[in-house]
$ cat final.txt   # compact mmCIF, C-alpha atoms and all ligand atoms
# COMPACT_ATOMS: atom_id res chain seq x y z
CA MET Z 202 -16.37 14.44 14.80
CA SER Z 203 -13.09 15.21 16.48
CA SER Z 204 -12.10 12.48 18.88
CA SER Z 205 -10.53 12.98 22.28
CA ALA Z 206 -6.93 13.98 21.84
CA SER Z 207 -5.81 11.91 24.82
CA LEU Z 208 -6.59 8.68 23.00
CA GLN Z 209 -4.59 9.39 19.88
CA ARG Z 210 -1.36 10.95 21.08
CA ILE Z 211 1.50 10.22 18.77
CA ASP Z 212 3.61 9.13 21.76
CA HIS Z 213 1.36 6.15 22.37
CA ASP Z 214 2.60 2.90 20.89
CA PHE Z 215 1.42 1.84 17.46
CA ASN Z 216 -0.97 -0.84 18.72
CA THR Z 217 -2.61 1.60 21.11
CA ARG Z 218 -3.06 4.19 18.39
CA ALA Z 219 -4.35 1.58 15.94
CA VAL Z 220 -7.16 0.79 18.39
CA HIS Z 221 -8.03 4.34 19.42
CA ALA Z 222 -6.76 7.01 17.02
CA GLY Z 223 -9.47 9.02 15.32
CA GLN Z 224 -12.23 7.36 17.28
CA SER Z 225 -14.18 8.05 20.42
CA PRO Z 226 -17.15 6.23 21.94
CA CYS Z 227 -20.61 7.39 20.82
CA PRO Z 228 -21.51 10.43 22.98
CA VAL Z 229 -25.24 9.63 22.76
CA THR Z 230 -25.38 5.91 23.51
CA GLY Z 231 -21.95 5.19 24.95
CA ALA Z 232 -21.38 2.55 22.27
CA VAL Z 233 -17.71 1.58 22.56
CA ILE Z 234 -17.41 1.26 18.81
CA PRO Z 235 -18.46 4.47 17.08
CA PRO Z 236 -21.57 3.89 14.98
CA LEU Z 237 -21.44 3.50 11.22
CA TYR Z 238 -22.86 6.65 9.62
CA GLN Z 239 -24.29 4.86 6.60
CA THR Z 240 -25.98 7.90 5.09
CA SER Z 241 -25.60 9.70 1.79
CA THR Z 242 -26.71 13.13 3.00
CA PHE Z 243 -27.06 15.28 6.12
CA ILE Z 244 -29.87 17.62 7.24
CA GLN Z 245 -28.68 21.20 7.03
CA GLN Z 246 -29.39 23.50 9.96
CA SER Z 247 -28.87 26.53 7.76
CA LEU Z 248 -28.07 27.30 4.14
CA VAL Z 249 -24.60 28.53 5.12
CA LYS Z 250 -22.55 25.43 4.36
CA ASP Z 251 -19.90 26.11 7.00
CA GLU Z 252 -22.53 26.16 9.76
CA ASN Z 253 -23.19 22.46 9.21
CA PRO Z 254 -20.69 19.77 10.22
CA TYR Z 255 -21.50 17.58 7.21
CA PHE Z 256 -23.14 18.13 3.83
CA TYR Z 257 -23.09 15.06 1.56
CA THR Z 258 -21.07 11.85 1.90
CA ARG Z 259 -19.09 12.31 -1.32
CA PHE Z 260 -17.64 15.41 0.38
CA SER Z 261 -17.26 14.04 3.89
CA ASN Z 262 -18.75 11.59 6.36
CA PRO Z 263 -18.00 11.00 10.07
CA THR Z 264 -17.12 7.30 9.66
CA ILE Z 265 -14.75 8.07 6.79
CA GLU Z 266 -13.18 10.94 8.77
CA MET Z 267 -12.47 8.64 11.71
CA LEU Z 268 -10.54 6.31 9.43
CA GLU Z 269 -8.72 9.21 7.76
CA GLU Z 270 -7.62 10.51 11.16
CA ALA Z 271 -6.48 7.06 12.25
CA LEU Z 272 -4.47 6.49 9.05
CA ALA Z 273 -2.85 9.93 9.31
CA ASN Z 274 -1.92 9.25 12.93
CA LEU Z 275 -0.33 5.89 12.13
CA GLU Z 276 1.68 7.30 9.20
CA HIS Z 277 2.87 10.28 11.33
CA ALA Z 278 0.93 12.63 9.06
CA ARG Z 279 -1.35 15.63 9.45
CA HIS Z 280 -3.89 14.59 6.83
CA GLY Z 281 -5.49 11.42 5.54
CA LEU Z 282 -7.89 10.86 2.65
CA PHE Z 283 -9.80 7.61 2.17
CA PHE Z 284 -10.72 6.47 -1.36
CA ALA Z 285 -12.90 3.86 -3.01
CA SER Z 286 -9.76 1.88 -3.95
CA GLY Z 287 -6.00 2.12 -4.09
CA MET Z 288 -6.23 2.98 -7.77
CA GLY Z 289 -8.78 5.69 -6.94
CA ALA Z 290 -6.20 7.18 -4.58
CA LEU Z 291 -3.39 6.92 -7.10
CA SER Z 292 -5.30 8.30 -10.09
CA THR Z 293 -6.49 11.23 -7.99
CA LEU Z 294 -2.92 11.88 -6.83
CA PHE Z 295 -1.43 11.75 -10.33
CA LEU Z 296 -4.15 13.85 -11.96
CA ALA Z 297 -4.00 16.45 -9.18
CA MET Z 298 -0.22 16.76 -9.46
CA LEU Z 299 0.44 16.38 -13.19
CA LYS Z 300 -0.80 18.22 -16.24
CA PRO Z 301 -0.21 17.77 -19.99
CA GLY Z 302 3.46 18.33 -20.77
CA ASP Z 303 4.63 17.10 -17.37
CA HIS Z 304 6.87 14.10 -16.82
CA LEU Z 305 6.62 11.45 -14.12
CA LEU Z 306 9.67 9.45 -13.05
CA GLY Z 307 8.74 6.05 -11.66
CA GLU Z 308 10.55 3.03 -10.30
CA SER Z 309 10.90 0.31 -12.95
CA ASN Z 310 9.01 -2.30 -10.92
CA LEU Z 311 5.75 -0.63 -9.89
CA TYR Z 312 2.44 -2.31 -9.15
CA GLY Z 313 0.90 -3.58 -12.41
CA GLY Z 314 -2.18 -1.36 -12.17
CA THR Z 315 0.01 1.69 -11.58
CA ASP Z 316 1.97 0.84 -14.70
CA VAL Z 317 -1.25 0.61 -16.73
CA LEU Z 318 -2.56 3.89 -15.28
CA ILE Z 319 0.63 5.72 -16.25
CA ARG Z 320 1.15 4.19 -19.68
CA LYS Z 321 -2.42 3.77 -20.91
CA ILE Z 322 -4.34 6.59 -19.22
CA LEU Z 323 -1.86 9.37 -18.41
CA ALA Z 324 0.16 9.05 -21.64
CA PRO Z 325 -2.79 9.84 -23.96
CA LEU Z 326 -3.38 12.95 -21.83
CA GLY Z 327 0.11 14.18 -22.69
CA ILE Z 328 1.75 13.20 -19.40
CA THR Z 329 4.98 11.36 -20.16
CA ALA Z 330 6.82 8.95 -17.91
CA SER Z 331 10.07 7.03 -17.56
CA PHE Z 332 10.66 3.98 -15.43
CA VAL Z 333 14.12 3.50 -14.00
CA ASP Z 334 15.61 1.02 -11.52
CA ALA Z 335 15.76 3.12 -8.37
CA THR Z 336 18.45 0.93 -6.82
CA ASP Z 337 20.76 2.56 -9.38
CA LEU Z 338 20.74 6.05 -7.88
CA ASP Z 339 22.91 7.63 -10.58
CA ALA Z 340 20.68 6.31 -13.35
CA PHE Z 341 17.61 7.44 -11.45
CA ARG Z 342 19.02 10.95 -10.94
CA ALA Z 343 20.03 11.14 -14.60
CA ALA Z 344 16.46 10.33 -15.69
CA ILE Z 345 15.10 13.54 -14.17
CA ARG Z 346 14.02 15.95 -16.89
CA PRO Z 347 13.35 19.69 -16.73
CA ASN Z 348 9.61 18.90 -16.78
CA THR Z 349 9.69 16.11 -14.17
CA ARG Z 350 6.96 17.02 -11.70
CA LEU Z 351 6.59 13.86 -9.64
CA ILE Z 352 8.72 10.90 -8.56
CA HIS Z 353 6.80 7.77 -7.61
CA ILE Z 354 8.34 4.78 -5.84
CA GLU Z 355 7.48 1.58 -3.95
CA SER Z 356 9.59 -0.42 -1.53
CA PRO Z 357 9.84 -3.35 -1.31
CA THR Z 358 8.95 -3.57 -4.99
CA ASN Z 359 6.23 -5.88 -6.18
CA PRO Z 360 6.97 -8.72 -6.78
CA MET Z 361 10.78 -8.68 -7.02
CA LEU Z 362 11.15 -7.29 -3.45
CA LYS Z 363 13.95 -4.87 -4.25
CA ILE Z 364 14.50 -2.35 -1.47
CA ILE Z 365 14.59 1.27 -2.58
CA ASP Z 366 16.64 3.68 -0.45
CA ILE Z 367 13.86 6.11 0.46
CA ALA Z 368 16.11 8.79 1.98
CA ALA Z 369 18.44 8.73 -1.03
CA ILE Z 370 15.56 9.11 -3.49
CA VAL Z 371 14.16 11.98 -1.43
CA ASP Z 372 17.59 13.68 -1.50
CA ILE Z 373 17.73 13.39 -5.27
CA ALA Z 374 14.20 14.77 -5.60
CA LYS Z 375 14.65 17.64 -3.13
CA ALA Z 376 17.76 18.81 -4.97
CA LYS Z 377 15.43 19.54 -7.92
CA ALA Z 378 12.37 20.50 -5.81
CA ILE Z 379 10.38 17.55 -7.15
CA PRO Z 380 7.74 16.00 -4.87
CA VAL Z 381 7.95 12.29 -4.08
CA SER Z 382 5.00 9.95 -3.69
CA MET Z 383 5.33 6.44 -2.37
CA ASP Z 384 3.07 3.41 -2.49
CA ASN Z 385 3.48 1.96 1.03
CA THR Z 386 0.98 -0.88 0.56
CA PHE Z 387 3.53 -3.68 0.92
CA CYS Z 388 4.65 -2.44 4.33
CA SER Z 389 1.70 -0.62 5.90
CA PRO Z 390 2.56 2.04 8.50
CA TYR Z 391 3.37 -0.72 10.98
CA LEU Z 392 6.54 -1.61 9.09
CA GLN Z 393 7.46 1.64 7.38
CA THR Z 394 6.55 5.34 7.65
CA PRO Z 395 7.98 7.05 4.54
CA LEU Z 396 6.92 10.58 5.57
CA ASP Z 397 9.63 10.31 8.25
CA PHE Z 398 12.17 10.09 5.41
CA GLY Z 399 10.82 13.19 3.65
CA VAL Z 400 8.38 11.57 1.22
CA ASP Z 401 5.60 14.07 0.41
CA VAL Z 402 2.59 11.80 -0.11
CA VAL Z 403 2.10 8.19 0.97
CA MET Z 404 -0.42 6.08 -0.90
CA HIS Z 405 -2.04 2.83 0.24
CA SER Z 406 -4.26 0.17 -1.12
CA THR Z 407 -6.02 -0.35 2.23
CA THR Z 408 -7.57 -3.41 0.58
CA LYS Z 409 -4.40 -5.25 1.58
CA SER Z 410 -2.87 -5.46 5.07
CA ILE Z 411 -4.54 -2.36 6.54
CA ALA Z 412 -8.07 -3.77 6.20
CA GLY Z 413 -6.46 -7.19 6.32
CA HIS Z 414 -9.46 -9.50 5.97
CA SER Z 415 -9.87 -9.65 2.18
CA ASP Z 416 -13.44 -8.38 2.42
CA VAL Z 417 -13.25 -4.70 1.46
CA ILE Z 418 -11.65 -2.49 -1.22
CA GLY Z 419 -10.20 0.90 -0.33
CA GLY Z 420 -7.29 3.28 -0.78
CA ALA Z 421 -5.68 6.17 1.02
CA LEU Z 422 -3.38 9.15 0.65
CA VAL Z 423 -1.63 10.56 3.72
CA LEU Z 424 0.45 13.72 3.79
CA ASN Z 425 1.48 16.76 5.80
CA ASP Z 426 1.11 19.69 3.40
CA ASP Z 427 -2.13 21.63 4.03
CA THR Z 428 -2.38 23.16 0.55
CA LEU Z 429 -1.75 19.89 -1.24
CA HIS Z 430 -4.27 18.18 1.03
CA GLU Z 431 -6.95 20.68 0.00
CA ARG Z 432 -6.09 20.19 -3.64
CA LEU Z 433 -6.24 16.39 -3.37
CA LYS Z 434 -9.54 16.60 -1.50
CA PHE Z 435 -10.96 18.87 -4.23
CA TYR Z 436 -9.94 16.37 -6.93
CA GLN Z 437 -11.23 13.41 -4.94
CA VAL Z 438 -14.65 14.99 -4.50
CA GLY Z 439 -14.71 16.07 -8.14
CA PHE Z 440 -13.73 12.64 -9.47
CA GLY Z 441 -16.09 10.92 -7.05
CA ALA Z 442 -13.37 8.56 -5.87
CA THR Z 443 -14.82 8.73 -2.34
CA ALA Z 444 -15.50 5.43 -0.59
CA ASP Z 445 -18.71 4.18 0.91
CA PRO Z 446 -18.94 4.65 4.72
CA PHE Z 447 -19.31 0.89 5.25
CA ALA Z 448 -15.97 0.33 3.50
CA ALA Z 449 -14.42 2.84 5.92
CA TRP Z 450 -16.04 1.12 8.90
CA LEU Z 451 -14.76 -2.33 7.88
CA THR Z 452 -11.31 -0.88 7.24
CA LEU Z 453 -11.27 0.74 10.70
CA ARG Z 454 -12.14 -2.61 12.23
CA GLY Z 455 -9.34 -4.35 10.39
CA LEU Z 456 -6.85 -1.61 11.18
CA LYS Z 457 -7.14 -2.19 14.94
CA THR Z 458 -5.28 -5.51 14.66
CA LEU Z 459 -2.75 -4.45 12.02
CA GLY Z 460 0.20 -4.59 14.41
CA ILE Z 461 -0.40 -8.04 15.83
CA ARG Z 462 -1.39 -9.47 12.45
CA THR Z 463 1.77 -8.09 10.88
CA GLU Z 464 4.01 -9.40 13.67
CA ALA Z 465 2.56 -12.89 13.23
CA SER Z 466 2.72 -12.99 9.44
CA CYS Z 467 6.26 -11.53 9.33
CA GLN Z 468 7.46 -14.20 11.73
CA THR Z 469 5.86 -16.99 9.70
CA ALA Z 470 7.18 -15.49 6.45
CA MET Z 471 10.73 -15.48 7.82
CA GLN Z 472 10.45 -19.13 8.88
CA LEU Z 473 8.98 -20.12 5.52
CA ALA Z 474 11.64 -18.20 3.57
CA GLN Z 475 14.41 -19.96 5.50
CA TRP Z 476 12.76 -23.34 4.93
CA LEU Z 477 12.14 -22.65 1.23
CA GLN Z 478 15.84 -21.85 0.76
CA GLN Z 479 16.65 -25.43 1.75
CA GLN Z 480 14.22 -27.08 -0.66
CA PRO Z 481 15.91 -28.68 -3.69
CA GLN Z 482 12.90 -27.85 -5.87
CA VAL Z 483 13.40 -24.13 -5.33
CA ALA Z 484 15.89 -22.27 -7.53
CA GLN Z 485 15.61 -18.87 -5.82
CA VAL Z 486 13.99 -17.34 -2.74
CA ILE Z 487 13.69 -13.57 -2.45
CA TYR Z 488 12.85 -12.25 1.03
CA PRO Z 489 14.34 -9.07 2.52
CA GLY Z 490 15.06 -10.81 5.84
CA LEU Z 491 17.31 -13.48 4.34
CA ASP Z 492 21.08 -13.01 4.44
CA SER Z 493 21.04 -13.81 0.72
CA HIS Z 494 19.02 -10.64 0.01
CA PRO Z 495 21.53 -8.05 -1.24
CA GLN Z 496 19.72 -5.21 0.52
CA LYS Z 497 18.91 -6.74 3.88
CA ALA Z 498 20.96 -4.06 5.67
CA LEU Z 499 19.17 -1.25 3.85
CA ALA Z 500 15.81 -2.84 4.69
CA GLN Z 501 16.77 -2.77 8.36
CA THR Z 502 17.39 0.97 8.24
CA GLN Z 503 13.91 1.83 6.93
CA MET Z 504 11.62 -1.11 7.78
CA ARG Z 505 10.63 -2.35 11.25
CA GLY Z 506 10.19 -5.90 9.95
CA PHE Z 507 10.74 -7.75 6.69
CA GLY Z 508 7.12 -8.17 5.62
CA SER Z 509 4.83 -11.04 4.75
CA MET Z 510 5.65 -11.35 1.04
CA ILE Z 511 8.02 -13.99 -0.35
CA THR Z 512 8.95 -14.38 -3.99
CA ILE Z 513 10.24 -17.73 -5.25
CA LYS Z 514 11.30 -19.35 -8.49
CA PRO Z 515 10.96 -23.12 -8.60
CA HIS Z 516 13.22 -25.25 -10.79
CA GLY Z 517 11.47 -26.30 -13.99
CA GLY Z 518 10.24 -22.97 -15.31
CA ALA Z 519 6.73 -21.67 -15.92
CA ASP Z 520 5.12 -25.12 -16.14
CA ALA Z 521 6.56 -26.16 -12.79
CA ALA Z 522 5.36 -22.91 -11.22
CA GLU Z 523 1.85 -23.36 -12.54
CA ALA Z 524 1.72 -27.01 -11.52
CA LEU Z 525 2.94 -26.16 -8.03
CA LEU Z 526 0.13 -23.67 -7.46
CA LYS Z 527 -2.42 -26.22 -8.63
CA ARG Z 528 -1.27 -28.55 -5.86
CA THR Z 529 -1.28 -26.18 -2.90
CA SER Z 530 -4.46 -25.90 -0.87
CA LEU Z 531 -3.75 -23.45 1.96
CA PHE Z 532 -1.88 -21.18 -0.45
CA GLN Z 533 -4.84 -20.36 -2.67
CA LEU Z 534 -4.34 -19.11 -6.20
CA ALA Z 535 -5.52 -15.51 -6.06
CA VAL Z 536 -4.18 -12.00 -6.48
CA SER Z 537 -4.09 -9.59 -3.52
CA LEU Z 538 -2.00 -9.78 -0.37
CA GLY Z 539 -1.77 -8.83 3.27
CA GLY Z 540 -4.93 -10.69 4.29
CA ILE Z 541 -5.53 -13.21 7.04
CA GLU Z 542 -5.29 -16.07 4.52
CA SER Z 543 -2.22 -17.07 2.55
CA LEU Z 544 -2.36 -16.54 -1.20
CA ALA Z 545 -0.13 -17.36 -4.13
CA CYS Z 546 0.00 -15.92 -7.62
CA ILE Z 547 2.09 -15.75 -10.76
CA PRO Z 548 2.49 -11.96 -11.14
CA ALA Z 549 3.68 -12.01 -14.77
CA ARG Z 550 0.41 -13.67 -15.75
CA GLN Z 551 -1.90 -12.04 -13.19
CA THR Z 552 -1.14 -8.78 -11.34
CA HIS Z 553 1.41 -7.60 -13.91
CA ALA Z 554 -0.24 -9.09 -17.04
CA GLY Z 555 -0.75 -5.56 -18.40
CA MET Z 556 3.02 -4.93 -18.61
CA SER Z 557 4.76 -5.47 -21.96
CA VAL Z 558 6.92 -8.57 -22.38
CA ASP Z 559 10.03 -6.38 -22.67
CA ASP Z 560 9.28 -4.41 -19.52
CA LYS Z 561 8.66 -7.60 -17.58
CA ALA Z 562 11.92 -9.06 -18.88
CA ALA Z 563 13.79 -5.90 -17.85
CA ILE Z 564 12.88 -6.41 -14.19
CA GLY Z 565 13.34 -10.20 -14.24
CA LEU Z 566 9.62 -10.92 -14.03
CA SER Z 567 9.31 -14.21 -15.87
CA ASN Z 568 6.38 -16.64 -15.88
CA ASP Z 569 8.06 -18.85 -13.29
CA VAL Z 570 8.11 -16.16 -10.59
CA ILE Z 571 5.68 -17.03 -7.78
CA ARG Z 572 4.57 -14.46 -5.23
CA LEU Z 573 3.46 -15.74 -1.83
CA SER Z 574 1.45 -13.65 0.61
CA VAL Z 575 1.78 -15.21 4.04
CA GLY Z 576 -1.34 -15.02 6.21
CA LEU Z 577 -2.14 -16.05 9.76
CA GLU Z 578 -2.24 -19.82 9.36
CA SER Z 579 0.43 -21.68 11.32
CA PHE Z 580 3.94 -22.09 9.98
CA ALA Z 581 3.67 -25.89 10.33
CA ASP Z 582 0.53 -26.08 8.20
CA LEU Z 583 1.82 -23.69 5.54
CA LYS Z 584 5.12 -25.56 5.34
CA ALA Z 585 3.30 -28.88 5.04
CA ASP Z 586 1.12 -27.44 2.27
CA LEU Z 587 4.16 -26.40 0.23
CA ALA Z 588 6.04 -29.61 1.05
CA GLN Z 589 3.26 -31.82 -0.31
CA ALA Z 590 3.01 -29.62 -3.42
CA PHE Z 591 6.77 -29.98 -4.03
CA ALA Z 592 6.65 -33.74 -3.42
CA ALA Z 593 3.77 -34.52 -5.78
C1 LIG Z 601 -3.47 -3.71 -4.74
C2 LIG Z 601 -2.44 -2.68 -4.92
C3 LIG Z 601 -2.76 -1.45 -5.52
C4 LIG Z 601 -4.15 -1.13 -6.04
O1 LIG Z 601 -5.07 -1.07 -5.02
P1 LIG Z 601 -6.65 -1.40 -5.20
O2 LIG Z 601 -7.19 -1.25 -3.83
O3 LIG Z 601 -6.77 -2.78 -5.75
O4 LIG Z 601 -7.18 -0.39 -6.17
C5 LIG Z 601 -1.74 -0.51 -5.64
N1 LIG Z 601 -0.48 -0.77 -5.22
C6 LIG Z 601 -0.15 -1.94 -4.65
C7 LIG Z 601 1.26 -2.15 -4.20
C8 LIG Z 601 -1.11 -2.93 -4.49
O5 LIG Z 601 -0.76 -4.10 -3.94
$ encode --input "final.txt" --output "structure tokens" --more "lines below"
Ligand SMILES: *Cc1c(COP(=O)(O)O)cnc(C)c1O
Amino acid sequence: MSSSASLQRIDHDFNTRAVHAGQSPCPVTGAVIPPLYQTSTFIQQSLVKDENPYFYTRFSNPTIEMLEEALANLEHARHGLFFASGMGALSTLFLAMLKPGDHLLGESNLYGGTDVLIRKILAPLGITASFVDATDLDAFRAAIRPNTRLIHIESPTNPMLKIIDIAAIVDIAKAKAIPVSMDNTFCSPYLQTPLDFGVDVVMHSTTKSIAGHSDVIGGALVLNDDTLHERLKFYQVGFGATADPFAAWLTLRGLKTLGIRTEASCQTAMQLAQWLQQQPQVAQVIYPGLDSHPQKALAQTQMRGFGSMITIKPHGGADAAEALLKRTSLFQLAVSLGGIESLACIPARQTHAGMSVDDKAAIGLSNDVIRLSVGLESFADLKADLAQAFAA
């Protein structure tokens, strides 16, 4: 189902493409929103597979293809693949690109589930890994081994919100002909398009800001290379990491408002970060848009906004952090991020609980670190929620 090219030109603005890319009205009924093809299989007109547009939904499905085309368009990519979850996307990527004996070089502060995948699932398969602070470019370069076959980064990192210099990491990797993959979940293509900096494969948990309504799990890989795309597709179909069409349909619906949702939550996050800095109960506020963030200037060179995530440390340690989150009501205690509602969590005890104590200590992730995901509620209400929690 190829949609009309005029509606998805790359020279249209982001918000226009988010609404139209990959999609065209139903040619049969004129339905403005393309129908959901909630089917597992497709009637074959002949036994020659190529003579049929679709075969079986684990291989491909029109609703899923619309989303894949939209995601590719927004990330300035040729190809998109939609998965049952972000981890489905990542495990397919790693297992398609790495074999026993290979080495993966990762940033030291990756998503907790990524850390578990690498250490607990890839390691027993004979795929080794090192994790190095990618803000230290010399140390990162020095960690490359003769058998390093993939470099994997995130920026801003989760939850410490370090900014990784994407172009510099790509330079280091290209010098050794090593592909680079990047988890762009924290930014979404609205704020950052890593393929423009030479990254080879961008990965998303679309569960977060892309779908944006905390009601559907999904993941994506977007890339330009035709051969690698075919390989990833082959692995995806083989592993069965394909998503359900309804998940793709919900994700497409959420995607249409990604730009305006992100603008609103970034603006509120900036206001909240500035306000939090002035609160005597707060020991530290980390937000890339604050002048106190050591990499604000770098963020401005590769991000189109500073994001909706704020990391804080209250005075009083882990007990104070836990008590604070018991007293908030709009900031609900839950993992996940990028949704319409604001959430708060203690990453060391929740999202990153699978990391060893030493590894957490190495990146400064103590039990008093609170991660805030700022949603679409008003700044005044969110501020009041935190203020009453501090005052109690
Ligand atoms: C949530 C998340 C993932 C995992 O995605 P799922 O959709 O939960 O499988 C990976 N990376 C980041 C940065 C995430 O926030």
$ closest_residue --input "final.txt" --among "Z:Ala592, Z:Ala449, Z:Leu573, Z:Leu526" --to "Ala474 in chain Z" --atoms "all atoms listed in the file"
Z:Leu573
$ residues_near_ligand --input "final.txt" --ligand "ligand LIG 601 (chain Z)" --cutoff "10 Å" --atoms "only C-alpha atoms and all ligand atoms" --output "ChimeraX atom specification"
/Z:284-292,311-316,355-360,383-388,404-410,417-421,536-539,552
$ residues_around --input "final.txt" --residues "Pro446 in chain Z" --least-positions-apart "3" --cutoff "9 Å" --atoms "all atoms listed in the file" --output "PyMOL selection string"
chain Z and resi 237-241+258+262-265+449-451
$ atom_distance --input "final.txt" --atom1 "CA of Leu477 in chain Z" --atom2 "CA of Ser579 in chain Z"
15.5 Å
$ residues_near_point --input "final.txt" --point "(-0.9, 16.7, 0.8)" --cutoff "7 Å" --atoms "only C-alpha atoms" --output "ChimeraX atom specification"
/Z:402,423-430,433
$ residues_near_point --input "final.txt" --point "(9.1, 12.4, -5.4)" --cutoff "9 Å" --atoms "all atoms listed in the file" --output "ChimeraX atom specification"
/Z:306-307,350-354,370-371,373-375,378-383,400-402
